[in-house]
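J.: I have a structure I would like to understand better, so I am pasting it below and will then ask my questions one at a time.
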Amino acid sequence: MKIIVFTGAGISAESGLKTFRGEDGLWEDYSVEEVATLQAWRRNPELVQEFYNIRRKAVSEADPNAAHYALAELEKEADVCIITQNIDDLHERAGSRNIVHLHGLITYSQSSIDPGLRYPIAGRELKMGTYCEKGSQLRPHVVWFGEDVPMMDKAMKLVQESDIFITIGTSLQVYPAANLIHFLPETCEKYLIDPNAGNMRELNGWNLIVDKAAKAVPELIEGWKSTGKFNKQR
Ligand code: OAD
């Protein structure tokens, strides 16, 4: 039995990290065009570095919450893969091992010429004037709007094989990531955990859990364990 978990910013909200959309979302304070596109990087790389330096600091000060930990525990019971749109490392720090970062990872840098050259960032800041081994400026290892999503093919294959699919804390508004839900097998059990789940369209046949992640994710998993779900189907 393969469980695929698809997470967005909402799973890290109770760790103190801002989501992107809606009231108090990051895109209320910043314009995507100014900080999260290749054009922005070319126009004003200092501003882009600063935006991600602030995000990196916030991530380094945040801790995983009960939802991240429950998913890490689930990996001990079942075949779990997390596909996350988040650039934070809270799934890793909670103990999950099988993680696909669709939009990159903020604790890493990449060459601005060759995205294959990646390096862990020591500390919280990536500065202009820091170069890769081939001499080009390092940028944050994140996928910007308009860029390819290199992990998309892998994610799509995983989704097509899933028996249980749990979506947590994403508005499903950013593509191609949001397309993943259209590749689910018909027989797959589908769950959506999000306080806004009741307002999401096109989710016929899904189990909608209108609640916050840190409460709902452990409850869902505990419920499964108490009914022996994994023993039966593994
Ligand atoms: P959004 O900000 O679009 O959506 C966050 C979702 O989390 C919303 O549906 C909220 O209702 C929900 N939410 C808020 N608090 C929650 C909680 N405590 N528990 C569970 N859910 C909660 O964030 P994403 O969908 O992740 O991409 O955004 C997708 C992409 O857009 C991001 O990866 C980023 C962004 O622009 C790039 O930068 C490329």
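Scheme for the structure tokens: letters A, B, ... for chains in order shown; per-chain residue numbers from 1; ligand numbers from 1 in order shown.
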Which chains and residue numbers are within 7 Å of ligand 1, counting only C-alpha atoms and all ligand atoms, if I want them as JSON, numbers by chain?
T.: {"A": [7, 8, 9, 10, 11, 13, 14, 19, 20, 21, 22, 25, 36, 85, 86, 103, 143, 144, 145, 168, 169, 170, 171, 172, 173, 174, 193, 194, 195, 196, 211, 212, 213, 214]}
J.: Can I get the selected residues back with N, CA and C atoms, as a tab-separated table (two decimals), in the first residue's frame?
T.:
```
chain	number	residue	atom	x	y	z
A	7	THR	N	1.99	18.13	0.33
A	7	THR	CA	1.85	19.21	1.30
A	7	THR	C	2.12	20.59	0.69
A	8	GLY	N	1.50	21.59	1.33
A	8	GLY	CA	1.71	22.98	0.96
A	8	GLY	C	1.96	23.81	2.21
A	9	ALA	N	2.00	25.10	2.01
A	9	ALA	CA	2.41	26.00	3.09
A	9	ALA	C	1.58	25.84	4.37
A	10	GLY	N	0.33	25.40	4.22
A	10	GLY	CA	-0.55	25.28	5.40
A	10	GLY	C	-0.03	24.32	6.45
A	11	ILE	N	0.75	23.30	6.03
A	11	ILE	CA	1.23	22.34	7.04
A	11	ILE	C	2.26	23.00	7.95
A	13	ALA	N	2.13	26.27	8.74
A	13	ALA	CA	1.56	27.51	9.31
A	13	ALA	C	1.63	27.50	10.85
A	14	GLU	N	1.32	26.33	11.43
A	14	GLU	CA	1.34	26.26	12.89
A	14	GLU	C	2.77	26.15	13.45
A	19	THR	N	1.85	31.42	5.14
A	19	THR	CA	1.41	30.86	3.86
A	19	THR	C	1.55	31.97	2.81
A	20	PHE	N	1.16	31.68	1.59
A	20	PHE	CA	1.38	32.65	0.51
A	20	PHE	C	0.15	33.50	0.20
A	21	ARG	N	-1.02	32.80	0.19
A	21	ARG	CA	-2.23	33.51	-0.25
A	21	ARG	C	-3.16	33.78	0.92
A	22	GLY	N	-4.10	34.67	0.65
A	22	GLY	CA	-5.09	34.97	1.68
A	22	GLY	C	-4.58	36.00	2.67
A	25	GLY	N	-0.98	36.56	4.02
A	25	GLY	CA	-0.09	35.70	3.23
A	25	GLY	C	1.10	36.50	2.71
A	36	ALA	N	10.18	36.54	-7.09
A	36	ALA	CA	10.11	35.09	-7.33
A	36	ALA	C	10.04	34.73	-8.82
A	85	GLN	N	5.40	21.09	-1.74
A	85	GLN	CA	5.65	22.34	-2.48
A	85	GLN	C	6.48	23.27	-1.61
A	86	ASN	N	6.67	22.88	-0.35
A	86	ASN	CA	7.33	23.79	0.60
A	86	ASN	C	8.84	23.78	0.40
A	103	HIS	N	9.41	22.43	-5.26
A	103	HIS	CA	9.80	23.83	-5.49
A	103	HIS	C	11.16	24.17	-4.89
A	143	VAL	N	12.40	26.95	-7.03
A	143	VAL	CA	11.82	27.09	-8.37
A	143	VAL	C	11.04	28.39	-8.41
A	144	TRP	N	11.37	29.25	-9.36
A	144	TRP	CA	10.65	30.51	-9.47
A	144	TRP	C	9.51	30.38	-10.47
A	145	PHE	N	8.56	31.29	-10.39
A	145	PHE	CA	7.45	31.29	-11.33
A	145	PHE	C	7.99	31.40	-12.76
A	168	ILE	N	-2.44	18.20	2.13
A	168	ILE	CA	-2.49	18.97	3.37
A	168	ILE	C	-2.06	20.41	3.13
A	169	GLY	N	-2.94	21.35	3.45
A	169	GLY	CA	-2.56	22.76	3.50
A	169	GLY	C	-2.05	23.36	2.22
A	170	THR	N	-2.78	23.12	1.14
A	170	THR	CA	-2.42	23.82	-0.10
A	170	THR	C	-3.67	24.34	-0.78
A	171	SER	N	-3.55	25.53	-1.36
A	171	SER	CA	-4.72	26.11	-2.04
A	171	SER	C	-4.92	25.51	-3.43
A	172	LEU	N	-3.99	24.67	-3.88
A	172	LEU	CA	-4.06	24.02	-5.20
A	172	LEU	C	-4.23	25.06	-6.31
A	173	GLN	N	-3.53	26.17	-6.17
A	173	GLN	CA	-3.66	27.24	-7.17
A	173	GLN	C	-2.43	27.39	-8.04
A	174	VAL	N	-1.34	26.68	-7.69
A	174	VAL	CA	-0.10	26.88	-8.44
A	174	VAL	C	0.20	25.64	-9.30
A	193	ILE	N	-6.85	17.83	3.90
A	193	ILE	CA	-6.90	18.46	5.23
A	193	ILE	C	-6.55	19.93	5.06
A	194	ASP	N	-7.51	20.79	5.33
A	194	ASP	CA	-7.28	22.22	5.14
A	194	ASP	C	-8.48	22.94	5.78
A	195	PRO	N	-8.23	24.01	6.57
A	195	PRO	CA	-9.37	24.72	7.16
A	195	PRO	C	-10.31	25.25	6.09
A	196	ASN	N	-9.79	25.38	4.86
A	196	ASN	CA	-10.59	25.92	3.76
A	196	ASN	C	-11.13	24.81	2.85
A	211	ASP	N	-10.06	21.32	8.86
A	211	ASP	CA	-9.39	21.52	10.15
A	211	ASP	C	-7.93	21.88	9.91
A	212	LYS	N	-7.27	22.31	10.98
A	212	LYS	CA	-5.84	22.63	10.86
A	212	LYS	C	-5.00	21.36	10.91
A	213	ALA	N	-3.83	21.44	10.27
A	213	ALA	CA	-3.00	20.25	10.11
A	213	ALA	C	-2.52	19.65	11.43
A	214	ALA	N	-2.06	20.49	12.35
A	214	ALA	CA	-1.43	19.95	13.57
A	214	ALA	C	-2.41	19.13	14.41
```
J.: Please extract the residues of region 135-188 of chain A with a backbone DSSP assignment of strand (DSSP E) and present them as a PyMOL selection string.
T.: chain A and resi 138-142+164-168
J.: Please save all heavy atoms of the selected residues as a PDB file, in the first residue's frame.
T.:
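See result33.pdb below for the written result:
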```pdb
ATOM      1  N   LEU A 138      25.849  32.227  -6.879  1.00  0.00           N
ATOM      2  CA  LEU A 138      24.881  31.292  -6.306  1.00  0.00           C
ATOM      3  C   LEU A 138      23.563  32.003  -6.038  1.00  0.00           C
ATOM      4  O   LEU A 138      23.529  33.146  -5.582  1.00  0.00           O
ATOM      5  CB  LEU A 138      25.427  30.701  -5.000  1.00  0.00           C
ATOM      6  CG  LEU A 138      26.592  29.727  -5.157  1.00  0.00           C
ATOM      7  CD1 LEU A 138      27.122  29.313  -3.789  1.00  0.00           C
ATOM      8  CD2 LEU A 138      26.158  28.495  -5.947  1.00  0.00           C
ATOM      9  N   ARG A 139      22.477  31.302  -6.315  1.00  0.00           N
ATOM     10  CA  ARG A 139      21.111  31.788  -6.041  1.00  0.00           C
ATOM     11  C   ARG A 139      20.419  30.767  -5.152  1.00  0.00           C
ATOM     12  O   ARG A 139      20.915  29.636  -5.013  1.00  0.00           O
ATOM     13  CB  ARG A 139      20.348  31.963  -7.355  1.00  0.00           C
ATOM     14  CG  ARG A 139      20.320  30.692  -8.203  1.00  0.00           C
ATOM     15  CD  ARG A 139      19.311  30.738  -9.329  1.00  0.00           C
ATOM     16  NE  ARG A 139      18.040  30.152  -8.896  1.00  0.00           N
ATOM     17  CZ  ARG A 139      17.033  29.881  -9.714  1.00  0.00           C
ATOM     18  NH1 ARG A 139      17.119  30.157 -10.997  1.00  0.00           N
ATOM     19  NH2 ARG A 139      15.921  29.339  -9.268  1.00  0.00           N
ATOM     20  N   PRO A 140      19.291  31.103  -4.571  1.00  0.00           N
ATOM     21  CA  PRO A 140      18.589  30.101  -3.751  1.00  0.00           C
ATOM     22  C   PRO A 140      18.150  28.910  -4.606  1.00  0.00           C
ATOM     23  O   PRO A 140      17.793  29.093  -5.782  1.00  0.00           O
ATOM     24  CB  PRO A 140      17.362  30.864  -3.234  1.00  0.00           C
ATOM     25  CG  PRO A 140      17.658  32.309  -3.434  1.00  0.00           C
ATOM     26  CD  PRO A 140      18.609  32.403  -4.586  1.00  0.00           C
ATOM     27  N   HIS A 141      18.187  27.727  -4.024  1.00  0.00           N
ATOM     28  CA  HIS A 141      17.723  26.519  -4.725  1.00  0.00           C
ATOM     29  C   HIS A 141      16.201  26.442  -4.598  1.00  0.00           C
ATOM     30  O   HIS A 141      15.655  25.682  -3.796  1.00  0.00           O
ATOM     31  CB  HIS A 141      18.413  25.291  -4.114  1.00  0.00           C
ATOM     32  CG  HIS A 141      17.856  23.989  -4.613  1.00  0.00           C
ATOM     33  ND1 HIS A 141      17.671  23.722  -5.952  1.00  0.00           N
ATOM     34  CD2 HIS A 141      17.417  22.885  -3.949  1.00  0.00           C
ATOM     35  CE1 HIS A 141      17.166  22.513  -6.084  1.00  0.00           C
ATOM     36  NE2 HIS A 141      16.992  21.993  -4.888  1.00  0.00           N
ATOM     37  N   VAL A 142      15.534  27.308  -5.335  1.00  0.00           N
ATOM     38  CA  VAL A 142      14.065  27.315  -5.343  1.00  0.00           C
ATOM     39  C   VAL A 142      13.603  27.467  -6.797  1.00  0.00           C
ATOM     40  O   VAL A 142      14.330  27.996  -7.626  1.00  0.00           O
ATOM     41  CB  VAL A 142      13.472  28.478  -4.497  1.00  0.00           C
ATOM     42  CG1 VAL A 142      13.839  28.339  -3.036  1.00  0.00           C
ATOM     43  CG2 VAL A 142      13.911  29.832  -5.019  1.00  0.00           C
ATOM     44  N   ILE A 164      -3.326   5.592  -1.303  1.00  0.00           N
ATOM     45  CA  ILE A 164      -3.929   6.614  -0.428  1.00  0.00           C
ATOM     46  C   ILE A 164      -3.202   7.920  -0.728  1.00  0.00           C
ATOM     47  O   ILE A 164      -1.968   7.944  -0.820  1.00  0.00           O
ATOM     48  CB  ILE A 164      -3.749   6.262   1.059  1.00  0.00           C
ATOM     49  CG1 ILE A 164      -4.453   4.947   1.391  1.00  0.00           C
ATOM     50  CG2 ILE A 164      -4.276   7.389   1.947  1.00  0.00           C
ATOM     51  CD1 ILE A 164      -4.329   4.532   2.851  1.00  0.00           C
ATOM     52  N   PHE A 165      -3.956   8.983  -0.889  1.00  0.00           N
ATOM     53  CA  PHE A 165      -3.355  10.287  -1.213  1.00  0.00           C
ATOM     54  C   PHE A 165      -3.899  11.302  -0.210  1.00  0.00           C
ATOM     55  O   PHE A 165      -5.107  11.465  -0.071  1.00  0.00           O
ATOM     56  CB  PHE A 165      -3.746  10.677  -2.640  1.00  0.00           C
ATOM     57  CG  PHE A 165      -3.040  11.892  -3.171  1.00  0.00           C
ATOM     58  CD1 PHE A 165      -1.755  11.812  -3.667  1.00  0.00           C
ATOM     59  CD2 PHE A 165      -3.681  13.131  -3.202  1.00  0.00           C
ATOM     60  CE1 PHE A 165      -1.105  12.937  -4.192  1.00  0.00           C
ATOM     61  CE2 PHE A 165      -3.049  14.257  -3.721  1.00  0.00           C
ATOM     62  CZ  PHE A 165      -1.753  14.152  -4.214  1.00  0.00           C
ATOM     63  N   ILE A 166      -2.985  11.943   0.498  1.00  0.00           N
ATOM     64  CA  ILE A 166      -3.419  12.935   1.496  1.00  0.00           C
ATOM     65  C   ILE A 166      -2.860  14.291   1.094  1.00  0.00           C
ATOM     66  O   ILE A 166      -1.640  14.466   1.006  1.00  0.00           O
ATOM     67  CB  ILE A 166      -2.876  12.605   2.908  1.00  0.00           C
ATOM     68  CG1 ILE A 166      -2.988  11.110   3.222  1.00  0.00           C
ATOM     69  CG2 ILE A 166      -3.595  13.429   3.967  1.00  0.00           C
ATOM     70  CD1 ILE A 166      -2.274  10.706   4.504  1.00  0.00           C
ATOM     71  N   THR A 167      -3.737  15.234   0.860  1.00  0.00           N
ATOM     72  CA  THR A 167      -3.306  16.591   0.531  1.00  0.00           C
ATOM     73  C   THR A 167      -3.479  17.446   1.788  1.00  0.00           C
ATOM     74  O   THR A 167      -4.523  17.397   2.433  1.00  0.00           O
ATOM     75  CB  THR A 167      -4.186  17.169  -0.598  1.00  0.00           C
ATOM     76  OG1 THR A 167      -4.091  16.301  -1.710  1.00  0.00           O
ATOM     77  CG2 THR A 167      -3.733  18.547  -1.005  1.00  0.00           C
ATOM     78  N   ILE A 168      -2.439  18.198   2.129  1.00  0.00           N
ATOM     79  CA  ILE A 168      -2.495  18.973   3.375  1.00  0.00           C
ATOM     80  C   ILE A 168      -2.059  20.413   3.130  1.00  0.00           C
ATOM     81  O   ILE A 168      -0.938  20.672   2.667  1.00  0.00           O
ATOM     82  CB  ILE A 168      -1.558  18.356   4.449  1.00  0.00           C
ATOM     83  CG1 ILE A 168      -1.864  16.866   4.661  1.00  0.00           C
ATOM     84  CG2 ILE A 168      -1.698  19.123   5.782  1.00  0.00           C
ATOM     85  CD1 ILE A 168      -0.785  16.118   5.438  1.00  0.00           C
TER      86      ILE A 168
END
```
J.: Please identify all polymer residues within 12 Å of Met1 (chain A), counting only C-alpha atoms, omitting same-chain residues fewer than 4 positions from it, and present them as a ChimeraX atom specification.
T.: /A:75,77-81,161-165,188-189,229-234
J.: Write out the residues from the selection above, keeping N, CA and C atoms, as a short mmCIF file (atom, residue, chain, number, x, y, z; two decimals), in the first residue's frame.
T.:
```cif
data_model
loop_
_atom_site.label_atom_id
_atom_site.label_comp_id
_atom_site.auth_asym_id
_atom_site.auth_seq_id
_atom_site.Cartn_x
_atom_site.Cartn_y
_atom_site.Cartn_z
N GLU A 75 5.77 6.93 8.41
CA GLU A 75 6.77 6.30 7.54
C GLU A 75 7.30 5.01 8.17
N GLU A 77 5.40 2.91 9.70
CA GLU A 77 4.32 1.90 9.62
C GLU A 77 3.99 1.51 8.19
N ALA A 78 4.25 2.42 7.25
CA ALA A 78 3.73 2.20 5.89
C ALA A 78 4.71 2.79 4.87
N ASP A 79 4.42 2.49 3.62
CA ASP A 79 5.24 2.99 2.51
C ASP A 79 4.75 4.40 2.16
N VAL A 80 5.48 5.40 2.65
CA VAL A 80 5.02 6.79 2.54
C VAL A 80 6.00 7.61 1.72
N CYS A 81 5.50 8.43 0.84
CA CYS A 81 6.36 9.43 0.19
C CYS A 81 5.67 10.79 0.30
N GLU A 161 0.82 5.88 -8.73
CA GLU A 161 0.90 4.58 -8.05
C GLU A 161 0.28 4.61 -6.66
N SER A 162 -0.37 5.72 -6.30
CA SER A 162 -0.78 5.83 -4.90
C SER A 162 -2.09 5.12 -4.60
N ASP A 163 -2.11 4.48 -3.43
CA ASP A 163 -3.35 3.84 -2.95
C ASP A 163 -4.10 4.80 -2.03
N ILE A 164 -3.33 5.59 -1.30
CA ILE A 164 -3.93 6.61 -0.43
C ILE A 164 -3.20 7.92 -0.73
N PHE A 165 -3.96 8.98 -0.89
CA PHE A 165 -3.36 10.29 -1.21
C PHE A 165 -3.90 11.30 -0.21
N CYS A 188 -7.96 5.16 -5.78
CA CYS A 188 -7.19 5.75 -4.67
C CYS A 188 -8.11 6.41 -3.64
N GLU A 189 -7.81 6.20 -2.34
CA GLU A 189 -8.54 6.91 -1.27
C GLU A 189 -7.95 8.31 -1.17
N LYS A 229 -5.43 -0.45 10.00
CA LYS A 229 -5.45 -0.25 8.54
C LYS A 229 -4.18 -0.75 7.85
N PHE A 230 -3.04 -0.46 8.45
CA PHE A 230 -1.78 -0.82 7.78
C PHE A 230 -1.49 -2.31 7.89
N ASN A 231 -1.89 -2.92 9.02
CA ASN A 231 -1.63 -4.36 9.18
C ASN A 231 -2.35 -5.14 8.09
N LYS A 232 -3.59 -4.68 7.78
CA LYS A 232 -4.40 -5.43 6.83
C LYS A 232 -3.88 -5.29 5.40
N GLN A 233 -3.44 -4.08 5.05
CA GLN A 233 -3.20 -3.80 3.63
C GLN A 233 -1.73 -3.81 3.22
N ARG A 234 -0.84 -3.92 4.15
CA ARG A 234 0.57 -3.77 3.79
C ARG A 234 1.06 -4.89 2.91
#
```
J.: Any chance you could list, as a ChimeraX atom specification, the residues in region 4-44 of chain A that come up alpha helix (DSSP H) when DSSP is run on the backbone?
T.: /A:26-29,32-35,38-43
J.: Please provide as a list of chain:residue names all residues within 12 Å of Tyr119 (chain A), with the sequence filter that same-chain residues fewer than 6 positions apart are discarded (counting only C-alpha atoms).
T.: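 Once the adjacent positions are removed, what remains is A:Leu105, A:Ile106, A:Thr107, A:Tyr108, A:Ser109, A:Gln110, A:Ser111, A:Leu126, A:Thr130, A:Tyr131, A:Cys132, A:Glu133, A:Leu138, A:Arg139, A:Pro140, A:His141.
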J.: Hey, which of A:Trp41, A:Phe6, A:Trp206, A:Tyr69 ends up closest to Gln137 (chain A)? Count only C-alpha atoms.
T.: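 Residue with the minimum atom-to-atom distance to Gln137 (chain A): A:Trp41.
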J.: Name all residues at most 12 Å from Leu203 (chain A) (count only C-alpha atoms; drop same-chain ones fewer than 3 positions away) and give them as a PyMOL selection string.
T.: chain A and resi 167+172+181-182+184+190-192+197-200+206-208
J.: Would you export the selected residues with N, CA and C atoms as an mmCIF file, in the first residue's frame, please?
T.:
```cif
data_model
loop_
_atom_site.group_PDB
_atom_site.id
_atom_site.type_symbol
_atom_site.label_atom_id
_atom_site.label_comp_id
_atom_site.auth_asym_id
_atom_site.auth_seq_id
_atom_site.Cartn_x
_atom_site.Cartn_y
_atom_site.Cartn_z
ATOM 1 N N THR A 167 -3.737 15.234 0.860
ATOM 2 C CA THR A 167 -3.306 16.591 0.531
ATOM 3 C C THR A 167 -3.479 17.446 1.788
ATOM 4 N N LEU A 172 -3.991 24.674 -3.880
ATOM 5 C CA LEU A 172 -4.063 24.023 -5.195
ATOM 6 C C LEU A 172 -4.230 25.062 -6.312
ATOM 7 N N ILE A 181 -3.170 16.172 -8.725
ATOM 8 C CA ILE A 181 -4.386 15.474 -8.274
ATOM 9 C C ILE A 181 -5.191 14.901 -9.450
ATOM 10 N N HIS A 182 -4.864 15.333 -10.654
ATOM 11 C CA HIS A 182 -5.593 14.806 -11.813
ATOM 12 C C HIS A 182 -4.985 13.494 -12.326
ATOM 13 N N LEU A 184 -4.383 10.875 -10.196
ATOM 14 C CA LEU A 184 -4.631 9.835 -9.197
ATOM 15 C C LEU A 184 -5.422 8.678 -9.795
ATOM 16 N N LYS A 190 -8.797 9.327 -1.189
ATOM 17 C CA LYS A 190 -8.277 10.699 -1.248
ATOM 18 C C LYS A 190 -8.738 11.527 -0.046
ATOM 19 N N TYR A 191 -7.810 12.215 0.551
ATOM 20 C CA TYR A 191 -8.097 13.053 1.717
ATOM 21 C C TYR A 191 -7.555 14.458 1.489
ATOM 22 N N LEU A 192 -8.302 15.437 1.954
ATOM 23 C CA LEU A 192 -7.798 16.807 1.928
ATOM 24 C C LEU A 192 -7.977 17.403 3.321
ATOM 25 N N ALA A 197 -11.002 23.571 3.294
ATOM 26 C CA ALA A 197 -11.354 22.426 2.428
ATOM 27 C C ALA A 197 -12.791 22.504 1.918
ATOM 28 N N GLY A 198 -13.678 23.042 2.731
ATOM 29 C CA GLY A 198 -15.093 23.104 2.346
ATOM 30 C C GLY A 198 -15.333 23.959 1.114
ATOM 31 N N ASN A 199 -14.410 24.876 0.834
ATOM 32 C CA ASN A 199 -14.612 25.784 -0.310
ATOM 33 C C ASN A 199 -13.882 25.348 -1.570
ATOM 34 N N MET A 200 -13.227 24.174 -1.512
ATOM 35 C CA MET A 200 -12.430 23.777 -2.672
ATOM 36 C C MET A 200 -13.316 23.048 -3.687
ATOM 37 N N TRP A 206 -13.651 13.039 -2.619
ATOM 38 C CA TRP A 206 -12.582 13.217 -1.626
ATOM 39 C C TRP A 206 -13.169 13.235 -0.219
ATOM 40 N N ASN A 207 -12.369 12.790 0.739
ATOM 41 C CA ASN A 207 -12.717 12.963 2.149
ATOM 42 C C ASN A 207 -12.172 14.314 2.566
ATOM 43 N N LEU A 208 -13.058 15.274 2.823
ATOM 44 C CA LEU A 208 -12.622 16.625 3.159
ATOM 45 C C LEU A 208 -12.580 16.783 4.681
#
```
J.: Between CA of Ile4 (chain A) and CA of Glu202 (chain A), what distance in Å does the model show, to one decimal?
T.: 19.5 Å
